[in-house]
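Listing of coords_20.cif, mmCIF, C-alpha atoms
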data_final
loop_
_atom_site.label_atom_id
_atom_site.label_comp_id
_atom_site.auth_asym_id
_atom_site.auth_seq_id
_atom_site.Cartn_x
_atom_site.Cartn_y
_atom_site.Cartn_z
CA MET A 1 0.00 0.00 0.00
CA TYR A 2 2.90 2.32 0.76
CA LEU A 3 4.30 2.23 -2.76
CA ALA A 4 1.05 3.37 -4.27
CA THR A 5 2.28 6.92 -3.68
CA THR A 6 6.01 6.50 -4.21
CA GLY A 7 6.15 4.28 -7.25
CA ARG A 8 7.09 0.63 -7.47
CA THR A 9 10.82 -0.06 -7.48
CA ASP A 10 11.03 -3.75 -8.37
CA ALA A 11 9.82 -5.70 -11.38
CA PRO A 12 7.97 -2.75 -12.93
CA PRO A 13 5.76 -3.12 -15.97
CA ARG A 14 7.60 -2.86 -19.24
CA THR A 15 6.95 0.15 -21.40
CA SER A 16 7.25 0.50 -25.14
CA GLY A 17 8.61 3.02 -27.59
CA ALA A 18 10.25 6.08 -26.13
CA GLY A 19 9.90 4.78 -22.59
CA ARG A 20 12.57 2.19 -23.29
CA ARG A 21 15.07 4.66 -24.74
CA VAL A 22 17.94 5.94 -22.69
CA PRO A 23 17.26 9.61 -21.87
CA GLY A 24 19.54 12.25 -23.33
CA THR A 25 20.46 13.42 -19.83
CA VAL A 26 21.86 9.97 -19.05
CA LEU A 27 23.94 9.95 -22.25
CA ALA A 28 25.24 13.44 -21.51
CA LEU A 29 26.17 12.51 -17.95
CA GLY A 30 27.78 9.35 -19.29
CA ALA A 31 29.93 11.43 -21.62
CA VAL A 32 30.90 13.71 -18.73
CA SER A 33 31.85 10.71 -16.59
CA LEU A 34 33.79 9.10 -19.44
CA VAL A 35 35.90 12.21 -20.02
CA THR A 36 36.33 12.85 -16.29
CA ASP A 37 37.42 9.26 -15.65
CA VAL A 38 40.02 9.52 -18.41
CA SER A 39 41.33 12.57 -16.54
CA SER A 40 41.26 11.01 -13.07
CA GLU A 41 42.59 7.59 -14.05
CA MET A 42 45.52 9.21 -15.87
CA VAL A 43 46.62 10.55 -12.49
CA THR A 44 45.66 7.43 -10.54
CA ALA A 45 47.76 5.26 -12.84
CA VAL A 46 50.95 7.26 -12.28
CA LEU A 47 50.43 8.63 -8.77
CA PRO A 48 52.02 5.73 -6.83
CA LEU A 49 55.09 5.87 -9.09
CA TYR A 50 55.25 9.66 -8.90
CA LEU A 51 54.95 9.83 -5.12
CA VAL A 52 56.94 6.76 -4.10
CA LEU A 53 59.63 6.60 -6.79
CA GLY A 54 59.70 10.22 -7.93
CA LEU A 55 59.32 12.09 -4.64
CA GLY A 56 60.53 9.43 -2.24
CA LEU A 57 57.40 8.98 -0.11
CA SER A 58 57.29 5.68 1.70
CA PRO A 59 54.52 3.20 0.83
CA LEU A 60 53.19 3.73 4.36
CA GLN A 61 52.90 7.49 3.79
CA PHE A 62 51.19 6.98 0.45
CA GLY A 63 48.81 4.39 1.89
CA PHE A 64 47.93 6.70 4.77
CA LEU A 65 47.15 9.60 2.44
CA ASP A 66 45.10 7.47 0.05
CA GLY A 67 43.15 5.69 2.77
CA MET A 68 42.37 8.86 4.69
CA PHE A 69 41.07 10.72 1.66
CA ASN A 70 39.02 7.76 0.42
CA GLY A 71 37.27 7.73 3.79
CA THR A 72 36.67 11.47 3.50
CA THR A 73 35.06 10.97 0.09
CA ALA A 74 32.39 8.76 1.60
CA LEU A 75 31.44 11.35 4.22
CA VAL A 76 31.46 14.32 1.82
CA ARG A 77 28.77 12.60 -0.27
CA LEU A 78 26.29 13.49 2.45
CA LEU A 79 27.12 17.17 2.04
CA GLY A 80 26.82 16.97 -1.75
CA GLY A 81 23.44 15.28 -1.54
CA ARG A 82 22.07 17.77 0.96
CA LEU A 83 23.24 20.79 -1.04
CA ALA A 84 21.79 19.38 -4.26
CA ASP A 85 18.36 18.82 -2.72
CA ARG A 86 18.03 22.47 -1.71
CA GLY A 87 16.11 23.96 -4.60
CA GLY A 88 16.94 21.12 -6.98
CA ARG A 89 20.53 22.29 -7.62
CA HIS A 90 21.75 18.89 -8.78
CA LYS A 91 23.60 20.12 -11.85
CA ARG A 92 25.20 23.06 -10.05
CA VAL A 93 26.52 20.96 -7.17
CA ALA A 94 27.70 18.16 -9.47
CA GLY A 95 29.45 20.73 -11.66
CA ALA A 96 31.26 22.17 -8.65
CA GLY A 97 32.51 18.69 -7.78
CA TYR A 98 33.75 18.02 -11.30
CA LEU A 99 35.49 21.42 -11.42
CA LEU A 100 37.17 20.88 -8.05
CA SER A 101 38.56 17.53 -9.21
CA ALA A 102 39.89 19.10 -12.42
CA LEU A 103 41.60 21.91 -10.49
CA SER A 104 43.26 19.37 -8.22
CA ARG A 105 45.46 18.33 -11.17
CA LEU A 106 46.88 21.83 -11.21
CA GLY A 107 47.44 21.49 -7.48
CA LEU A 108 49.63 18.43 -8.06
CA LEU A 109 51.53 20.36 -10.72
CA LEU A 110 52.12 23.36 -8.47
CA ALA A 111 52.88 21.36 -5.32
CA GLY A 112 56.24 20.18 -6.58
CA GLY A 113 57.68 17.91 -3.91
CA ALA A 114 55.86 19.51 -0.96
CA THR A 115 53.95 16.88 0.98
CA ALA A 116 51.43 19.44 2.25
CA GLY A 117 50.68 20.61 -1.29
CA ILE A 118 50.28 17.04 -2.51
CA ALA A 119 47.94 16.27 0.39
CA ALA A 120 45.87 19.37 -0.39
CA ALA A 121 45.60 18.41 -4.06
CA LEU A 122 44.55 14.86 -3.22
CA ALA A 123 42.01 16.20 -0.73
CA ALA A 124 40.53 18.49 -3.40
CA ASP A 125 40.20 15.57 -5.81
CA ARG A 126 38.46 13.36 -3.24
CA LEU A 127 36.20 16.21 -2.10
CA GLY A 128 35.18 16.86 -5.69
CA LYS A 129 34.40 13.20 -6.25
CA GLY A 130 32.41 12.99 -3.04
CA VAL A 131 30.38 16.13 -3.75
CA ARG A 132 29.39 15.19 -7.30
CA THR A 133 28.43 11.52 -6.92
CA ALA A 134 25.00 11.74 -5.28
CA PRO A 135 23.73 14.73 -7.35
CA ARG A 136 24.83 12.99 -10.54
CA ASP A 137 23.04 9.76 -9.64
CA ALA A 138 19.97 11.74 -8.59
CA LEU A 139 19.92 13.42 -12.02
CA ILE A 140 20.05 9.98 -13.66
CA SER A 141 17.21 8.64 -11.51
CA LEU A 142 15.08 11.72 -12.22
CA SER A 143 15.69 11.70 -15.97
CA GLY A 144 13.29 8.91 -16.91
CA PRO A 145 10.52 6.61 -15.67
CA PRO A 146 11.35 4.21 -12.81
CA GLU A 147 10.93 1.12 -14.98
CA THR A 148 13.95 2.10 -17.12
CA LEU A 149 16.37 3.05 -14.36
CA GLY A 150 18.32 -0.20 -14.47
CA ARG A 151 19.17 0.36 -18.13
CA SER A 152 19.93 4.05 -17.57
CA PHE A 153 22.37 3.36 -14.76
CA GLY A 154 23.86 0.49 -16.76
CA VAL A 155 24.56 2.77 -19.74
CA HIS A 156 26.06 5.44 -17.50
CA ARG A 157 28.29 2.97 -15.66
CA ALA A 158 29.44 1.43 -18.94
CA MET A 159 30.48 4.84 -20.28
CA ASP A 160 32.14 5.67 -16.95
CA THR A 161 34.11 2.42 -17.06
CA THR A 162 35.20 3.15 -20.63
CA GLY A 163 36.91 6.26 -19.31
CA ALA A 164 38.51 4.26 -16.52
CA LEU A 165 40.00 1.91 -19.11
CA LEU A 166 41.22 4.70 -21.40
CA GLY A 167 42.82 6.79 -18.63
CA PRO A 168 45.82 4.53 -17.90
CA LEU A 169 46.41 4.06 -21.63
CA ALA A 170 46.42 7.84 -22.10
CA ALA A 171 48.87 8.26 -19.21
CA PHE A 172 51.14 5.62 -20.73
CA ALA A 173 51.05 7.39 -24.09
CA VAL A 174 51.87 10.80 -22.55
CA LEU A 175 54.74 9.39 -20.48
CA ARG A 176 56.18 7.63 -23.49
CA ALA A 177 55.90 10.73 -25.68
CA THR A 178 57.48 13.02 -23.05
CA THR A 179 60.13 10.65 -21.63
CA ASP A 180 58.44 10.09 -18.27
CA ALA A 181 57.44 13.72 -17.64
CA TYR A 182 54.82 13.45 -14.89
CA ASP A 183 54.04 17.16 -15.20
CA ALA A 184 52.81 16.56 -18.74
CA VAL A 185 50.38 13.93 -17.43
CA PHE A 186 48.98 16.41 -14.90
CA VAL A 187 48.55 19.10 -17.58
CA VAL A 188 46.75 16.78 -20.00
CA SER A 189 44.62 15.45 -17.15
CA PHE A 190 43.66 19.01 -16.15
CA CYS A 191 42.63 19.91 -19.70
CA THR A 192 40.61 16.71 -20.04
CA GLY A 193 38.88 17.39 -16.72
CA LEU A 194 37.92 20.88 -17.88
CA LEU A 195 36.42 19.33 -21.02
CA GLY A 196 34.20 17.20 -18.78
CA VAL A 197 33.01 20.31 -16.91
CA LEU A 198 32.25 22.01 -20.24
CA LEU A 199 30.22 19.02 -21.44
CA LEU A 200 28.21 19.13 -18.22
CA ALA A 201 27.53 22.85 -18.57
CA VAL A 202 26.44 22.64 -22.20
CA TYR A 203 24.61 19.32 -22.57
CA VAL A 204 23.16 18.41 -19.15
CA PRO A 205 19.90 20.24 -18.37
CA ALA A 206 19.64 22.08 -15.07
CA ALA A 207 16.57 20.05 -14.08
CA SER A 208 15.19 16.73 -15.17
CA THR A 209 12.91 16.75 -18.19
CA ALA A 210 11.00 13.75 -16.83
CA VAL A 211 10.32 14.87 -13.27
CA ARG A 212 9.79 18.47 -12.20
CA ILE A 213 11.66 19.27 -9.00
CA PRO A 214 9.51 21.31 -6.61
CA VAL A 215 10.98 24.05 -4.47
CA THR A 216 8.62 23.22 -1.60
CA PRO A 217 7.66 21.53 0.66
CA ARG A 218 10.52 20.52 2.93
CA PRO A 219 11.95 17.16 1.77
CA ARG A 220 11.10 14.02 3.74
CA THR A 221 14.03 12.32 5.49
CA ALA A 222 15.07 9.17 3.64
CA LEU A 223 15.64 7.22 6.85
CA ARG A 224 11.94 7.56 7.72
CA ASP A 225 11.09 5.24 4.83
CA PRO A 226 10.97 1.64 6.16
CA LEU A 227 11.79 0.09 2.77
CA PHE A 228 14.77 2.39 2.30
CA ARG A 229 16.03 1.50 5.79
CA ARG A 230 15.89 -2.19 4.86
CA ILE A 231 17.86 -1.57 1.67
CA LEU A 232 20.43 0.46 3.63
CA CYS A 233 20.74 -2.25 6.29
CA ALA A 234 21.20 -5.04 3.73
CA THR A 235 23.72 -2.98 1.76
CA ALA A 236 25.75 -2.22 4.87
CA LEU A 237 25.82 -5.89 5.90
CA LEU A 238 27.01 -6.96 2.46
CA GLY A 239 29.54 -4.12 2.33
CA ALA A 240 31.04 -5.13 5.68
CA ALA A 241 31.66 -8.62 4.25
CA THR A 242 33.48 -7.23 1.17
CA ILE A 243 37.23 -7.43 1.59
CA GLY A 244 38.29 -4.94 -1.09
CA ASP A 245 39.64 -5.36 -4.61
CA SER A 246 43.24 -4.64 -3.65
CA PHE A 247 43.33 -7.68 -1.37
CA LEU A 248 41.91 -9.88 -4.14
CA TYR A 249 44.58 -8.66 -6.54
CA LEU A 250 47.26 -9.22 -3.93
CA LEU A 251 46.04 -12.77 -3.32
CA LEU A 252 46.16 -13.43 -7.06
CA GLN A 253 49.66 -12.00 -7.34
CA ARG A 254 50.94 -14.14 -4.50
CA GLY A 255 49.16 -17.28 -5.68
CA LEU A 256 50.42 -16.95 -9.25
CA ASP A 257 53.81 -15.49 -8.34
CA LEU A 258 52.97 -12.72 -10.78
CA PRO A 259 55.76 -10.23 -11.59
CA ILE A 260 55.26 -6.89 -9.86
CA ALA A 261 55.39 -5.10 -13.22
CA LEU A 262 52.20 -6.88 -14.31
CA PHE A 263 50.29 -6.21 -11.08
CA PRO A 264 48.73 -2.90 -12.29
CA LEU A 265 47.11 -4.77 -15.19
CA LEU A 266 44.90 -6.92 -12.94
CA PRO A 267 42.15 -4.27 -12.50
CA LEU A 268 41.66 -4.14 -16.27
CA GLY A 269 39.98 -7.57 -16.17
CA PRO A 270 37.06 -6.63 -13.88
CA ALA A 271 36.78 -3.24 -15.61
CA ALA A 272 36.37 -4.92 -19.00
CA GLY A 273 33.77 -7.30 -17.57
CA TYR A 274 31.92 -4.40 -15.97
CA LEU A 275 31.94 -2.52 -19.27
CA LEU A 276 30.49 -5.48 -21.18
CA LEU A 277 27.86 -6.47 -18.60
CA ALA A 278 26.64 -3.17 -17.10
CA VAL A 279 23.95 -2.53 -19.73
CA PRO A 280 22.71 -6.17 -19.99
CA MET A 281 22.52 -6.39 -16.19
CA GLY A 282 20.54 -3.15 -16.11
CA ARG A 283 18.07 -4.53 -18.63
CA VAL A 284 17.71 -7.76 -16.66
CA ALA A 285 17.09 -5.75 -13.50
CA ASP A 286 14.37 -3.71 -15.22
CA ARG A 287 12.62 -6.88 -16.39
CA THR A 288 12.97 -9.18 -13.38
CA GLY A 289 13.29 -6.77 -10.48
CA ARG A 290 16.47 -5.30 -9.00
CA ARG A 291 16.62 -7.31 -5.79
CA LEU A 292 17.62 -10.62 -7.39
CA PRO A 293 20.46 -9.29 -9.63
CA PHE A 294 21.84 -7.35 -6.67
CA LEU A 295 21.98 -10.51 -4.55
CA LEU A 296 23.34 -12.63 -7.39
CA GLY A 297 26.11 -10.10 -7.90
CA HIS A 298 27.25 -10.68 -4.32
CA ALA A 299 26.93 -14.43 -4.91
CA ALA A 300 29.42 -13.96 -7.78
CA LEU A 301 31.79 -12.25 -5.35
CA LEU A 302 31.39 -15.19 -2.98
CA GLY A 303 32.34 -17.46 -5.89
CA ALA A 304 35.51 -15.41 -6.38
CA TYR A 305 36.40 -15.94 -2.72
CA ALA A 306 35.85 -19.68 -3.10
CA LEU A 307 38.09 -19.88 -6.18
CA LEU A 308 40.86 -18.07 -4.33
CA LEU A 309 40.80 -20.83 -1.71
CA ALA A 310 41.52 -23.43 -4.41
CA PRO A 311 44.98 -24.01 -5.95
CA LEU A 312 45.57 -21.04 -8.23
CA ALA A 313 46.32 -21.29 -11.94
CA TRP A 314 45.78 -18.83 -14.76
CA PRO A 315 42.28 -20.15 -15.69
CA THR A 316 41.24 -19.77 -12.05
CA ALA A 317 42.65 -16.24 -11.92
CA VAL A 318 40.74 -15.27 -15.07
CA ALA A 319 37.55 -16.66 -13.52
CA VAL A 320 38.15 -14.63 -10.34
CA LEU A 321 38.57 -11.41 -12.33
CA ALA A 322 35.48 -12.23 -14.42
CA LEU A 323 33.38 -12.83 -11.31
CA LEU A 324 34.56 -9.53 -9.88
CA GLY A 325 33.36 -7.80 -13.05
CA VAL A 326 29.98 -9.55 -12.74
CA PHE A 327 29.78 -8.38 -9.12
CA TYR A 328 30.15 -4.72 -10.02
CA ALA A 329 27.90 -4.90 -13.08
CA ALA A 330 25.09 -6.51 -11.06
CA THR A 331 25.31 -4.29 -7.99
CA ASP A 332 26.60 -0.75 -8.59
CA GLY A 333 23.98 0.85 -10.83
CA VAL A 334 21.34 -1.73 -9.89
CA LEU A 335 21.45 -0.57 -6.26
CA MET A 336 20.83 3.04 -7.29
CA ALA A 337 17.94 1.93 -9.51
CA LEU A 338 16.49 -0.10 -6.62
CA ALA A 339 16.60 2.69 -4.05
CA GLY A 340 16.04 5.79 -6.21
CA PRO A 341 12.27 5.57 -6.81
CA LEU A 342 11.62 5.05 -3.09
CA LEU A 343 12.98 8.50 -2.34
CA PRO A 344 11.05 11.77 -2.73
CA VAL A 345 12.14 13.98 -5.60
CA ARG A 346 13.52 16.76 -3.41
CA GLY A 347 15.29 14.35 -1.09
CA ARG A 348 16.63 11.94 -3.68
CA ALA A 349 20.23 13.14 -3.83
CA GLY A 350 20.48 13.18 -0.05
CA GLY A 351 18.95 9.72 0.25
CA LEU A 352 21.28 8.23 -2.34
CA ALA A 353 24.19 9.91 -0.56
CA VAL A 354 23.18 8.21 2.71
CA LEU A 355 23.08 4.85 0.93
CA GLN A 356 26.41 5.37 -0.83
CA THR A 357 28.08 6.57 2.37
CA GLY A 358 26.76 3.65 4.39
CA GLN A 359 28.03 1.21 1.78
CA ALA A 360 31.44 2.89 1.50
CA LEU A 361 32.02 3.02 5.25
CA ALA A 362 30.93 -0.61 5.62
CA ARG A 363 33.39 -1.63 2.91
CA LEU A 364 36.18 0.29 4.63
CA LEU A 365 35.35 -1.59 7.82
CA GLY A 366 35.34 -4.90 5.94
CA ALA A 367 38.69 -4.20 4.30
CA ALA A 368 40.24 -3.18 7.61
CA GLY A 369 38.88 -6.30 9.29
CA PHE A 370 40.24 -8.55 6.57
CA GLY A 371 43.64 -6.87 6.77
CA ALA A 372 43.72 -7.44 10.52
CA ALA A 373 42.63 -11.07 10.13
CA TRP A 374 45.31 -11.66 7.49
CA THR A 375 47.95 -10.20 9.79
CA LEU A 376 46.86 -12.29 12.78
CA TRP A 377 45.90 -15.62 11.19
CA GLY A 378 47.30 -15.68 7.65
CA GLU A 379 45.67 -15.28 4.26
CA ARG A 380 43.74 -18.55 3.97
CA PRO A 381 42.06 -18.45 7.41
CA ALA A 382 41.20 -14.78 6.79
CA LEU A 383 39.68 -15.65 3.41
CA TRP A 384 37.63 -18.47 4.97
CA VAL A 385 36.27 -16.02 7.54
CA ALA A 386 35.48 -13.48 4.79
CA GLY A 387 33.65 -16.13 2.75
CA LEU A 388 31.57 -17.28 5.71
CA ALA A 389 30.78 -13.66 6.60
CA LEU A 390 29.64 -12.91 3.04
CA ALA A 391 27.50 -16.07 2.95
CA GLY A 392 25.85 -15.03 6.21
CA ALA A 393 25.34 -11.48 4.95
CA LEU A 394 23.76 -12.83 1.76
CA ALA A 395 21.33 -14.96 3.76
CA ALA A 396 20.42 -11.97 5.93
CA ALA A 397 20.06 -9.66 2.93
CA TRP A 398 17.73 -12.17 1.24
CA ARG A 399 15.43 -11.80 4.25
CA ILE A 400 15.86 -8.05 4.70
CA LEU A 401 15.53 -6.73 1.14
CA PRO A 402 11.91 -6.16 0.04
CA ALA A 403 10.67 -9.02 -2.16
CA PRO A 404 8.84 -8.07 -5.39
CA ALA A 405 5.52 -9.52 -4.20
CA ARG A 406 5.66 -7.56 -0.96
CA GLU A 407 6.65 -4.34 -2.74
CA ALA A 408 3.70 -4.65 -5.05
CA SER A 409 1.22 -5.01 -2.18
#
The structure in this file should be written as structure tokens.
Amino acid sequence: MYLATTGRTDAPPRTSGAGRRVPGTVLALGAVSLVTDVSSEMVTAVLPLYLVLGLGLSPLQFGFLDGMFNGTTALVRLLGGRLADRGGRHKRVAGAGYLLSALSRLGLLLAGGATAGIAAALAADRLGKGVRTAPRDALISLSGPPETLGRSFGVHRAMDTTGALLGPLAAFAVLRATTDAYDAVFVVSFCTGLLGVLLLAVYVPAASTAVRIPVTPRPRTALRDPLFRRILCATALLGAATIGDSFLYLLLQRGLDLPIALFPLLPLGPAAGYLLLAVPMGRVADRTGRRLPFLLGHAALLGAYALLLAPLAWPTAVAVLALLGVFYAATDGVLMALAGPLLPVRGRAGGLAVLQTGQALARLLGAAGFGAAWTLWGERPALWVAGLALAGALAAAWRILPAPAREAS
């Protein structure tokens, strides 16, 4: 009865014609994300080498900076969502986040070898990413009817991942052309980031064309919605049982005795799988309901854990990377499509920010717990504990997440 006023979020009726097309706003935001990810991944690909080998920072110093600012990103999403919901300023707030990230490349260029300047530039990049995420996803969810959101988020995530794949290749090309001049990478990254801001300003409408954003009344708090609270609880449980991609890559490297020089190539496998499967998974979610693909995506991650417990060979490693790609394709955009229609129009960015922050903090907790378990007990016992925790979280999430039949009542 509750969803009679908010719109059904799972297994919606299929529409025909224009209703099944991806809205222009989604394509424009996808282009912005593609260009911005080329810019950001250019820096991400070279930053460890630049800081550790070029400037002499220790791995501990680099890890501390990266971990601290990633945690800050999760919390800043709440601020971005709240600001965007005030008067429907989704585009303006998202644009500020994209611009701040682009300017951070200049900060790295101007910082030289000063640790404080580098820290400030990294903080600006993470703040920009945190501010823009929830308003951007709110714009996507408001750009078309609820029954097409899985496909819309799938298209956006596929375009975003394309940028993530092209960024390291662009950095490699710049370094090769300039004889390892890191400054040239930062300049090209800055210019590419500005192009993303320009695309946002020109091609993304200030408000959704599908849903008019009212200025009043005061938005309803997302946490007052019982269905949203159940989604948040299930997402946090599953996130706390996720050990983090870096640990999976490290386990593969150790199990295969992979040369260190090839280690940075491991993330390309899941990224390619994500790129190929994001749109099909979105379509499946629109047709069957978003709850089941979301849970099956975590089941794929559990399968990756199980394979890592077996004797490792290259076919097993490829399967692990493929399952990780399935995990992201079936969960990232699908979760936003599941939760978005439950939230009021004026409170949608803030509600999605709460969900994203809860998931990010839970994953940080899970990664820290796995790292501690590995240190105390060794890698295999820690992986067994992680697998059992994820299996338990999956069973709990199956009970907690709203079933399609109950949502329709």
| request: Pull the neighbourhood of (58.7, 8.8, -19.5) for me: all residues within 12 Å in file coordinates, counting only C-alpha atoms, as a list in words. | output: Val46, Leu49, Tyr50, Gly54, Ala171, Phe172, Ala173, Val174, Leu175, Arg176, Ala177, Thr178, Thr179, Asp180, Ala181, Tyr182, Asp183, Ala184 and Val185 of chain A
For this session: Pick out the residues sitting within 12 Å of Leu258 of chain A, and hand them over as a list in words; count all atoms listed in the file, and ignore anything fewer than 5 positions along from it in its own chain.
Result: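 Listing them by chain and then by number gives Tyr249, Leu250, Leu251, Leu252, Gln253, Phe263, Pro264, Leu265, Leu266, Leu312, Ala313, Trp314 and Ala317 of chain A.
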Output C-alpha atoms of each residue in that selection to a file, as a short mmCIF file (atom, residue, chain, number, x, y, z; two decimals), keeping the file's coordinate frame.
data_model
loop_
_atom_site.label_atom_id
_atom_site.label_comp_id
_atom_site.auth_asym_id
_atom_site.auth_seq_id
_atom_site.Cartn_x
_atom_site.Cartn_y
_atom_site.Cartn_z
CA TYR A 249 44.58 -8.66 -6.54
CA LEU A 250 47.26 -9.22 -3.93
CA LEU A 251 46.04 -12.77 -3.32
CA LEU A 252 46.16 -13.43 -7.06
CA GLN A 253 49.66 -12.00 -7.34
CA PHE A 263 50.29 -6.21 -11.08
CA PRO A 264 48.73 -2.90 -12.29
CA LEU A 265 47.11 -4.77 -15.19
CA LEU A 266 44.90 -6.92 -12.94
CA LEU A 312 45.57 -21.04 -8.23
CA ALA A 313 46.32 -21.29 -11.94
CA TRP A 314 45.78 -18.83 -14.76
CA ALA A 317 42.65 -16.24 -11.92
#
Mind giving me the axis-aligned box for segment 83-89 of chain A with 3 Å on every side, centre plus edges in Å to one decimal, as JSON?
{"center_x": 19.7, "center_y": 21.4, "center_z": -4.3, "size_x": 13.1, "size_y": 11.1, "size_z": 12.6}
Margin query: One decimal, in Å: what's the spacing between atom CA of Ala368 of chain A and atom CA of Ala382 of chain A?
Written below: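 Calculated distance between atom CA of Ala368 of chain A and atom CA of Ala382 of chain A is 11.7 Å.
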Using all atoms listed in the file, which protein or nucleic acid residues come within 12 Å of segment 348-350 of chain A? Drop anything in the same chain fewer than 4 positions from it, and give the result as a VMD selection string. chain A and resid 6 75 to 91 93 to 94 131 to 142 211 213 219 to 223 228 336 to 337 339 to 344 354 to 357
If you count only C-alpha atoms, the residue of A:Ala330, A:Leu394, A:Val38, A:Ala111 closest to Met281 of chain A turns out to be A:Ala330
Contact residues around Ser104 of chain A with all atoms listed in the file at 9 Å, ignoring same-chain residues under 5 positions, as a ChimeraX atom specification: /A:99,109,120-125,128,190
Check: Nearest to Ala360 of chain A among A:Ile400, A:Gly130, A:Ala306, A:Ala389, with distances taken over only C-alpha atoms: which residue is it?
Finding: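 The answer is A:Gly130, which sits nearest to Ala360 of chain A.
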Separation of atom CA of Ala96 of chain A from atom CA of Val202 of chain A, in Å and rounded to one decimal: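 Between atom CA of Ala96 of chain A and atom CA of Val202 of chain A the gap works out to 14.4 Å.
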| Where does the PyMOL selection byres ((chain A and resi 243) around 6) land in this file, that is, which residues does it pick, as a ChimeraX atom specification? | /A:242,244,366-367,370
The distance between atom CA of Leu27 of chain A and atom CA of Leu127 of chain A is 24.4 Å
Selection: 12 Å around Ala102 of chain A, all atoms listed in the file, excl. self and same-chain fewer than 6 positions, as number ranges by chain: A: 35-43, 95-96, 108-109, 121-122, 124-129, 186-198
If the PyMOL selection byres ((chain A and resi 227) around 9) is run on the structure shown, which residues does it catch, given as a PDB file with C-alpha atoms, in the frame of the given file?
ATOM      1  CA  ARG A 224      11.940   7.560   7.720  1.00  0.00           C
ATOM      2  CA  ASP A 225      11.090   5.240   4.830  1.00  0.00           C
ATOM      3  CA  PRO A 226      10.970   1.640   6.160  1.00  0.00           C
ATOM      4  CA  PHE A 228      14.770   2.390   2.300  1.00  0.00           C
ATOM      5  CA  ARG A 229      16.030   1.500   5.790  1.00  0.00           C
ATOM      6  CA  ARG A 230      15.890  -2.190   4.860  1.00  0.00           C
ATOM      7  CA  ILE A 231      17.860  -1.570   1.670  1.00  0.00           C
ATOM      8  CA  LEU A 232      20.430   0.460   3.630  1.00  0.00           C
ATOM      9  CA  ALA A 339      16.600   2.690  -4.050  1.00  0.00           C
ATOM     10  CA  LEU A 342      11.620   5.050  -3.090  1.00  0.00           C
ATOM     11  CA  LEU A 401      15.530  -6.730   1.140  1.00  0.00           C
ATOM     12  CA  PRO A 402      11.910  -6.160   0.040  1.00  0.00           C
ATOM     13  CA  GLU A 407       6.650  -4.340  -2.740  1.00  0.00           C
TER      14      GLU A 407
END
Q) Quick one: of A:Pro280, A:Gly30, A:Pro381, A:Gly150, who's nearest to Thr162 of chain A, counting all atoms listed in the file? A)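 Closest residue, counting all atoms listed in the file: A:Gly30.
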Closest of A:Arg346, A:Arg283, A:Arg92, A:Arg380 to Glu147 of chain A - atom-to-atom distances counting only C-alpha atoms: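 The shortest atom-to-atom distance to Glu147 of chain A comes from A:Arg283.
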Selection result of the PyMOL selection byres ((chain A and resi 300) around 12) on this file, as an mmCIF file with C-alpha atoms, in the coordinates of the input:
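Result file follows (part.cif):
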data_model
loop_
_atom_site.group_PDB
_atom_site.id
_atom_site.type_symbol
_atom_site.label_atom_id
_atom_site.label_comp_id
_atom_site.auth_asym_id
_atom_site.auth_seq_id
_atom_site.Cartn_x
_atom_site.Cartn_y
_atom_site.Cartn_z
ATOM 1 C CA THR A 242 33.480 -7.230 1.170
ATOM 2 C CA PRO A 293 20.460 -9.290 -9.630
ATOM 3 C CA PHE A 294 21.840 -7.350 -6.670
ATOM 4 C CA LEU A 295 21.980 -10.510 -4.550
ATOM 5 C CA LEU A 296 23.340 -12.630 -7.390
ATOM 6 C CA GLY A 297 26.110 -10.100 -7.900
ATOM 7 C CA HIS A 298 27.250 -10.680 -4.320
ATOM 8 C CA ALA A 299 26.930 -14.430 -4.910
ATOM 9 C CA LEU A 301 31.790 -12.250 -5.350
ATOM 10 C CA LEU A 302 31.390 -15.190 -2.980
ATOM 11 C CA GLY A 303 32.340 -17.460 -5.890
ATOM 12 C CA ALA A 304 35.510 -15.410 -6.380
ATOM 13 C CA TYR A 305 36.400 -15.940 -2.720
ATOM 14 C CA ALA A 306 35.850 -19.680 -3.100
ATOM 15 C CA LEU A 307 38.090 -19.880 -6.180
ATOM 16 C CA ALA A 319 37.550 -16.660 -13.520
ATOM 17 C CA VAL A 320 38.150 -14.630 -10.340
ATOM 18 C CA LEU A 321 38.570 -11.410 -12.330
ATOM 19 C CA ALA A 322 35.480 -12.230 -14.420
ATOM 20 C CA LEU A 323 33.380 -12.830 -11.310
ATOM 21 C CA LEU A 324 34.560 -9.530 -9.880
ATOM 22 C CA GLY A 325 33.360 -7.800 -13.050
ATOM 23 C CA VAL A 326 29.980 -9.550 -12.740
ATOM 24 C CA PHE A 327 29.780 -8.380 -9.120
ATOM 25 C CA TYR A 328 30.150 -4.720 -10.020
ATOM 26 C CA ALA A 329 27.900 -4.900 -13.080
ATOM 27 C CA ALA A 330 25.090 -6.510 -11.060
ATOM 28 C CA THR A 331 25.310 -4.290 -7.990
ATOM 29 C CA GLY A 387 33.650 -16.130 2.750
ATOM 30 C CA LEU A 390 29.640 -12.910 3.040
ATOM 31 C CA ALA A 391 27.500 -16.070 2.950
ATOM 32 C CA LEU A 394 23.760 -12.830 1.760
#
For Arg399 of chain A, the closest of A:Cys233, A:Leu276, A:Ala372, A:Val385 counting all atoms listed in the file is A:Cys233
task = Find the residues near Arg151 of chain A: any atom within 8 Å, counting all atoms listed in the file, skip ones fewer than 2 places away on the same chain, and give them as a VMD selection string.
result = chain A and resid 22 148 to 149 153 to 155 279 to 283 285 to 286
